[in-house]
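Q: Here it is: the structure, laid out below.
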Amino acid sequence: MNLAMPRRRHACLTARLTTRSTRRKVNRRDRDERPTRMEFRLLGPFEACHDGRLVDIASRRQERCLLALLLLDLGHLVTIDRLIALLWNGSAPATARGAVYTYIGRLRAALSPYGVRITTRADGYLVEADDHRVDVADFHRSVQRALDTADPAARASLLDGALRLWRGPLLADVADEALRHRLDAQLEEARLVALEARAEAQLALGRHPRVIKDLAGLAERHPLRERLVGILMTAHYRSARQADALLLYEATRQALATELGVDPGPDLQELHRRILRNDNRLEQPRRAVFEVRIRDETLPWTVGGHPALDFCNTFAGWGDPAPQPCAEWLRSYRTLAVWSGYTGLADDPTVARLLTLAGRDPAEADRTLAQARALRGQVYACLTGHPGHAAFDAVARAAEAAARTLEFTRDENGGGRWRPSLEAGLRLPLHAAAWSAAELLADPRRLTVRSCADSHCRWLFMDETSMRRWCSLVTCAA
């Protein structure tokens with residue numbers, strides 16, 4: 001009996017398994033050695049987090065305040081003279097410089113285990129950025145992104161994320177009002193602008209009850225902010241509360257006259273006149289007839305006939321040279337996660353878990369969303385023509401990556417199906433969409449897929465009949 005061939009096969013199999021085991025060990029070691037970033041929260045009481053857990057960096061108020069001053073200029077030099085002026089508010093003792101040296105030494109010792117480096121340069125210090133996060137910078141960045149976004153749903157989502165960072169006044173436990181004003185006098189103004197911009201976006205989406213809830217108390221505290229008052233008046237009017245809108249205007253008019261000796265501006269006066277004559281232009285804006293609301297997210301109907309087609313249909317206007325921003329349905333990672341549940345690619349507990357993970361690591365969520373959008377374009381190319389190897393290879397690589405996370409689970413009807421496991425983390429919707437696309441590309445039904453010819457639509461459907469039923473009569477007609 002010839003045992004050479006089985007023995008060789010056994011040796012090859014052993015070598016492959018050993019190689020895979022070694023690769024897994026190397027990958028685990030790389031992950032263990034990779035520096036983890038710190039998250040610093042300054043909007044409210046000072047907090048430092050490492051791997052999602054609060055850590056005690058400094059017990060002394062002055063040390064926490066000094067670290068916060070450096071973090072507000074993360075990656076940039078802060079001179080010792082400026083640190084002294086801020087810490088002691090112009091009344092520094094003779095020992096102030098020595099105290100700063102002592103504080104820096106203690107902070108270095110406390111931060112070193114977490115990979116945070118305080119560097120001495122010239123006559124000052126800086127905290128090396130090293131991908132660490134500071135909520136104040138995240139807030140300003142998110143607000144600016146939102147203000148640059150034309151789509152109201154995307155803008156509202158970005159501003160929701162930015163405003164969730166607020167836990168109270170800047171450095172509530174280590175700074176007084178005078179120091180807060182010197183550190184970032186525009187921070188409170190930026191928060192009010194964000195609240196107003198979010199309310200305007202909510203109005204555009206027809207969510208006037210939420211606007212009333214968000215702004216009612218704020219308008220009482222800031223009666224001179226005419227933009228805020230105008231938004232709230234419009235929300236009252238759209239909620240059939242015309243009297244409340246008029247009373248709010250009168251209160252604002254009196255406040256302006258008493259405190260500034262002026263009348264409301266022309267925009268607020270015009271809004272007041274339109275409310276008095278029941279101008280129909282103030283009514284709730286029309287919503288598309290082909291959208292659905294899930295977990296407060298706006299999604300397109302699932303009419304493609306397959307999850308991979310509905311994935312492609314989350315972007316309208318494929319044929320336009322420059323699609324409008326409002327054509328994008330996957331406006332945030334939260335929308336992507338909710339969409340995966342809506343199309344059946346994930347169950348409700350999984351969606352809830354994804355939303356929690358996204359809140360903990362928004363940067364990774366944004367990266368996953370960008371990858372999902374790129375994958376969507378590649379899947380669309382594969383389904384609507386004869387793509388080059390690049391698009392198919394990209395989908396294939398995404399599907400192979402998804403396959404490594406699949407688990408066979410029982411569905412609600414007692415059958416089984418392959419789904420990415422929770423070990424995929426935030427990438428789970430991306431893997432689910434990639435695997436769904438691979439299934440369709442391997443299915444003869446892909447030859448029946450049809451695309452709407454209208455350049456403002458270009459949605460995909462499983463066949464000609466479904467396209468005529470849903471697209472011609474609903475989407476394009478709208």
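Chain lettering (A, B, ...) mirrors the order of the structure tokens, residue numbering begins at 1 for each chain separately, and ligand numbering begins at 1 in order of display.
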Need to verify the contact set: region 433-443 of chain A, 7 Å, only C-alpha atoms, exclusion of same-chain residues closer than 5 positions in sequence. Can you return it as JSON, numbers by chain?
A: {"A": [307, 308, 379, 395, 398, 399, 402]}
Q: So which bits of region 56-266 of chain A end up alpha helix (DSSP H) when you DSSP the backbone, as an mmCIF file with C-alpha atoms, in the first residue's frame?
A:
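Saved result, result.cif, follows:
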data_model
loop_
_atom_site.group_PDB
_atom_site.id
_atom_site.type_symbol
_atom_site.label_atom_id
_atom_site.label_comp_id
_atom_site.auth_asym_id
_atom_site.auth_seq_id
_atom_site.Cartn_x
_atom_site.Cartn_y
_atom_site.Cartn_z
ATOM 1 C CA ARG A 61 -7.344 70.620 39.840
ATOM 2 C CA GLN A 62 -4.413 72.751 38.613
ATOM 3 C CA GLU A 63 -2.788 69.755 36.910
ATOM 4 C CA ARG A 64 -6.022 68.805 35.126
ATOM 5 C CA CYS A 65 -6.431 72.419 34.068
ATOM 6 C CA LEU A 66 -2.855 72.563 32.740
ATOM 7 C CA LEU A 67 -3.370 69.372 30.736
ATOM 8 C CA ALA A 68 -6.635 70.755 29.344
ATOM 9 C CA LEU A 69 -4.843 73.940 28.222
ATOM 10 C CA LEU A 70 -2.359 71.824 26.264
ATOM 11 C CA LEU A 71 -5.113 69.613 24.824
ATOM 12 C CA ILE A 80 5.001 78.667 29.696
ATOM 13 C CA ASP A 81 4.101 82.355 29.979
ATOM 14 C CA ARG A 82 0.660 81.692 28.486
ATOM 15 C CA LEU A 83 0.129 78.696 30.756
ATOM 16 C CA ILE A 84 1.004 80.774 33.808
ATOM 17 C CA ALA A 85 -1.233 83.665 32.711
ATOM 18 C CA LEU A 86 -4.204 81.318 32.246
ATOM 19 C CA LEU A 87 -3.676 79.170 35.332
ATOM 20 C CA TRP A 88 -3.323 82.110 37.714
ATOM 21 C CA ALA A 96 4.538 79.736 39.268
ATOM 22 C CA ARG A 97 7.206 78.626 36.773
ATOM 23 C CA GLY A 98 8.532 75.977 39.154
ATOM 24 C CA ALA A 99 4.973 74.801 39.812
ATOM 25 C CA VAL A 100 4.420 74.364 36.069
ATOM 26 C CA TYR A 101 7.611 72.247 35.829
ATOM 27 C CA THR A 102 6.329 70.079 38.690
ATOM 28 C CA TYR A 103 2.871 69.684 37.124
ATOM 29 C CA ILE A 104 4.372 68.697 33.770
ATOM 30 C CA GLY A 105 6.558 66.065 35.427
ATOM 31 C CA ARG A 106 3.602 64.511 37.205
ATOM 32 C CA LEU A 107 1.457 64.572 34.059
ATOM 33 C CA ARG A 108 4.199 62.908 32.013
ATOM 34 C CA ALA A 109 4.449 60.103 34.547
ATOM 35 C CA ALA A 110 0.667 59.658 34.626
ATOM 36 C CA LEU A 111 0.182 59.782 30.839
ATOM 37 C CA ASP A 135 -14.023 66.431 22.088
ATOM 38 C CA VAL A 136 -13.723 70.198 21.543
ATOM 39 C CA ALA A 137 -11.860 69.658 18.253
ATOM 40 C CA ASP A 138 -14.320 66.908 17.268
ATOM 41 C CA PHE A 139 -17.197 69.302 17.952
ATOM 42 C CA HIS A 140 -15.824 72.148 15.825
ATOM 43 C CA ARG A 141 -14.932 69.731 13.010
ATOM 44 C CA SER A 142 -18.373 68.093 12.955
ATOM 45 C CA VAL A 143 -20.193 71.436 13.010
ATOM 46 C CA GLN A 144 -18.146 72.717 10.079
ATOM 47 C CA ARG A 145 -18.809 69.525 8.102
ATOM 48 C CA ALA A 146 -22.514 69.894 8.806
ATOM 49 C CA LEU A 147 -22.620 73.525 7.706
ATOM 50 C CA PRO A 152 -30.796 68.469 5.540
ATOM 51 C CA ALA A 153 -30.875 64.890 6.836
ATOM 52 C CA ALA A 154 -27.099 64.566 6.626
ATOM 53 C CA ARG A 155 -26.707 67.969 8.263
ATOM 54 C CA ALA A 156 -29.057 67.043 11.105
ATOM 55 C CA SER A 157 -27.218 63.773 11.678
ATOM 56 C CA LEU A 158 -23.803 65.458 11.835
ATOM 57 C CA LEU A 159 -25.080 68.126 14.211
ATOM 58 C CA ASP A 160 -26.727 65.500 16.416
ATOM 59 C CA GLY A 161 -23.341 63.843 16.768
ATOM 60 C CA ALA A 162 -21.599 67.123 17.525
ATOM 61 C CA LEU A 163 -24.130 68.220 20.144
ATOM 62 C CA GLU A 177 -16.383 81.581 33.602
ATOM 63 C CA ALA A 178 -13.549 84.081 33.113
ATOM 64 C CA LEU A 179 -11.082 81.351 32.135
ATOM 65 C CA ARG A 180 -13.632 79.694 29.835
ATOM 66 C CA HIS A 181 -14.107 82.993 28.037
ATOM 67 C CA ARG A 182 -10.347 83.423 27.585
ATOM 68 C CA LEU A 183 -9.889 79.863 26.344
ATOM 69 C CA LEU A 187 -17.457 77.965 21.863
ATOM 70 C CA GLU A 188 -20.886 78.781 23.304
ATOM 71 C CA GLU A 189 -21.740 80.752 20.174
ATOM 72 C CA ALA A 190 -20.747 77.728 18.058
ATOM 73 C CA ARG A 191 -23.077 75.549 20.133
ATOM 74 C CA LEU A 192 -25.985 77.945 19.594
ATOM 75 C CA VAL A 193 -25.268 78.090 15.856
ATOM 76 C CA ALA A 194 -25.227 74.282 15.786
ATOM 77 C CA LEU A 195 -28.563 74.127 17.618
ATOM 78 C CA GLU A 196 -30.114 76.609 15.191
ATOM 79 C CA ALA A 197 -28.725 74.829 12.133
ATOM 80 C CA ARG A 198 -29.969 71.480 13.393
ATOM 81 C CA ALA A 199 -33.430 72.923 14.014
ATOM 82 C CA GLU A 200 -33.534 74.351 10.486
ATOM 83 C CA ALA A 201 -32.577 70.946 9.094
ATOM 84 C CA GLN A 202 -35.279 69.296 11.209
ATOM 85 C CA LEU A 203 -37.821 71.789 9.867
ATOM 86 C CA ALA A 204 -36.815 70.917 6.307
ATOM 87 C CA HIS A 208 -41.428 70.458 13.724
ATOM 88 C CA PRO A 209 -42.560 68.779 17.001
ATOM 89 C CA ARG A 210 -38.934 67.953 17.745
ATOM 90 C CA VAL A 211 -37.914 71.530 16.939
ATOM 91 C CA ILE A 212 -40.411 72.831 19.488
ATOM 92 C CA LYS A 213 -39.070 70.412 22.089
ATOM 93 C CA ASP A 214 -35.442 71.366 21.407
ATOM 94 C CA LEU A 215 -35.820 75.135 21.195
ATOM 95 C CA ALA A 216 -38.622 76.134 23.594
ATOM 96 C CA GLY A 217 -36.399 76.603 26.653
ATOM 97 C CA LEU A 218 -33.517 77.931 24.582
ATOM 98 C CA ALA A 219 -35.634 80.766 23.138
ATOM 99 C CA GLU A 220 -36.571 81.856 26.663
ATOM 100 C CA ARG A 221 -32.894 82.080 27.629
ATOM 101 C CA GLU A 226 -33.882 86.342 16.023
ATOM 102 C CA ARG A 227 -32.849 83.368 13.897
ATOM 103 C CA LEU A 228 -33.633 80.989 16.745
ATOM 104 C CA VAL A 229 -36.955 82.705 17.419
ATOM 105 C CA GLY A 230 -37.903 82.574 13.729
ATOM 106 C CA ILE A 231 -37.229 78.843 13.523
ATOM 107 C CA LEU A 232 -39.347 78.206 16.616
ATOM 108 C CA MET A 233 -42.168 80.431 15.318
ATOM 109 C CA THR A 234 -42.230 78.432 12.078
ATOM 110 C CA ALA A 235 -42.319 75.150 14.006
ATOM 111 C CA HIS A 236 -45.259 76.417 16.104
ATOM 112 C CA TYR A 237 -47.127 77.477 12.976
ATOM 113 C CA ARG A 238 -46.598 74.109 11.259
ATOM 114 C CA GLN A 242 -50.394 79.978 15.423
ATOM 115 C CA ALA A 243 -51.157 81.722 18.730
ATOM 116 C CA ASP A 244 -47.931 80.423 20.279
ATOM 117 C CA ALA A 245 -45.956 81.683 17.284
ATOM 118 C CA LEU A 246 -47.492 85.158 17.591
ATOM 119 C CA LEU A 247 -46.942 85.289 21.361
ATOM 120 C CA LEU A 248 -43.291 84.347 20.858
ATOM 121 C CA TYR A 249 -42.873 87.156 18.335
ATOM 122 C CA GLU A 250 -44.398 89.687 20.727
ATOM 123 C CA ALA A 251 -42.107 88.568 23.569
ATOM 124 C CA THR A 252 -39.081 88.945 21.300
ATOM 125 C CA ARG A 253 -40.208 92.360 20.069
ATOM 126 C CA GLN A 254 -40.534 93.583 23.667
ATOM 127 C CA ALA A 255 -37.141 92.141 24.670
ATOM 128 C CA LEU A 256 -35.408 93.856 21.733
ATOM 129 C CA ALA A 257 -37.100 97.165 22.515
ATOM 130 C CA THR A 258 -36.266 96.976 26.233
ATOM 131 C CA GLU A 259 -32.644 95.825 26.008
ATOM 132 C CA PRO A 266 -36.898 92.515 8.463
#
Q: How many Å lie between CA of Arg469 (chain A) and CA of Val338 (chain A), rounded to one decimal?
A: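 Atom-to-atom, CA of Arg469 (chain A) to CA of Val338 (chain A), that is 25.8 Å.
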Q: So which residues touch His50 (chain A) within 8 Å, counting only C-alpha atoms, skipping near sequence neighbours fewer than 3 positions away, as number ranges by chain?
A: A: 36-39, 53-55, 114
Q: If I take CA of His306 (chain A) and CA of Ala424 (chain A), how far is one from the other in Å, to one decimal?
A: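 Separation between CA of His306 (chain A) and CA of Ala424 (chain A): 22.5 Å.
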Q: Out of A:Gly415, A:Asn280, A:Trp166, A:His76, which residue has the shortest atom-to-atom distance to Leu43 (chain A) when counting only C-alpha atoms?
A: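 Using only C-alpha atoms, Leu43 (chain A) sits closest to A:Trp166.
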Q: Could you please write out, as a JSON list (two decimals) with N, CA and C atoms, in the first residue's frame, every residue of region 355-439 of chain A that DSSP assigns to strand (DSSP E or B)?
A:
[["chain", "number", "residue", "atom", "x", "y", "z"],
["A", 406, "LEU", "N", -18.43, 35.09, 8.38],
["A", 406, "LEU", "CA", -19.78, 34.53, 8.30],
["A", 406, "LEU", "C", -20.03, 33.45, 9.34],
["A", 407, "GLU", "N", -21.27, 33.40, 9.79],
["A", 407, "GLU", "CA", -21.72, 32.30, 10.63],
["A", 407, "GLU", "C", -23.10, 31.86, 10.13],
["A", 408, "PHE", "N", -23.38, 30.56, 10.27],
["A", 408, "PHE", "CA", -24.65, 30.01, 9.79],
["A", 408, "PHE", "C", -25.65, 30.05, 10.93],
["A", 409, "THR", "N", -26.72, 30.83, 10.74],
["A", 409, "THR", "CA", -27.70, 31.03, 11.81],
["A", 409, "THR", "C", -29.09, 30.61, 11.35],
["A", 410, "ARG", "N", -29.95, 30.39, 12.33],
["A", 410, "ARG", "CA", -31.32, 30.01, 12.04],
["A", 410, "ARG", "C", -32.16, 31.26, 11.85],
["A", 416, "GLY", "N", -32.01, 28.24, 7.55],
["A", 416, "GLY", "CA", -30.69, 28.75, 7.88],
["A", 416, "GLY", "C", -30.22, 29.75, 6.86],
["A", 417, "ARG", "N", -29.30, 30.61, 7.27],
["A", 417, "ARG", "CA", -28.71, 31.57, 6.34],
["A", 417, "ARG", "C", -27.35, 31.99, 6.86],
["A", 418, "TRP", "N", -26.53, 32.45, 5.93],
["A", 418, "TRP", "CA", -25.21, 32.95, 6.28],
["A", 418, "TRP", "C", -25.29, 34.43, 6.58],
["A", 419, "ARG", "N", -24.71, 34.84, 7.73],
["A", 419, "ARG", "CA", -24.67, 36.24, 8.10],
["A", 419, "ARG", "C", -23.32, 36.54, 8.75],
["A", 420, "PRO", "N", -22.82, 37.78, 8.56],
["A", 420, "PRO", "CA", -21.60, 38.16, 9.28],
["A", 420, "PRO", "C", -21.85, 38.15, 10.79]]
Q: Within 6 Å of Gly75 (chain A), counting only C-alpha atoms, which residues show up once you throw out same-chain ones fewer than 5 positions away? Write them as a PyMOL selection string, please.
A: chain A and resi 126-129
Q: What does the distance from CA of Gly385 (chain A) to CA of Arg458 (chain A) come to in Å, to one decimal?
A: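 Separating CA of Gly385 (chain A) from CA of Arg458 (chain A) is a distance of 13.0 Å.
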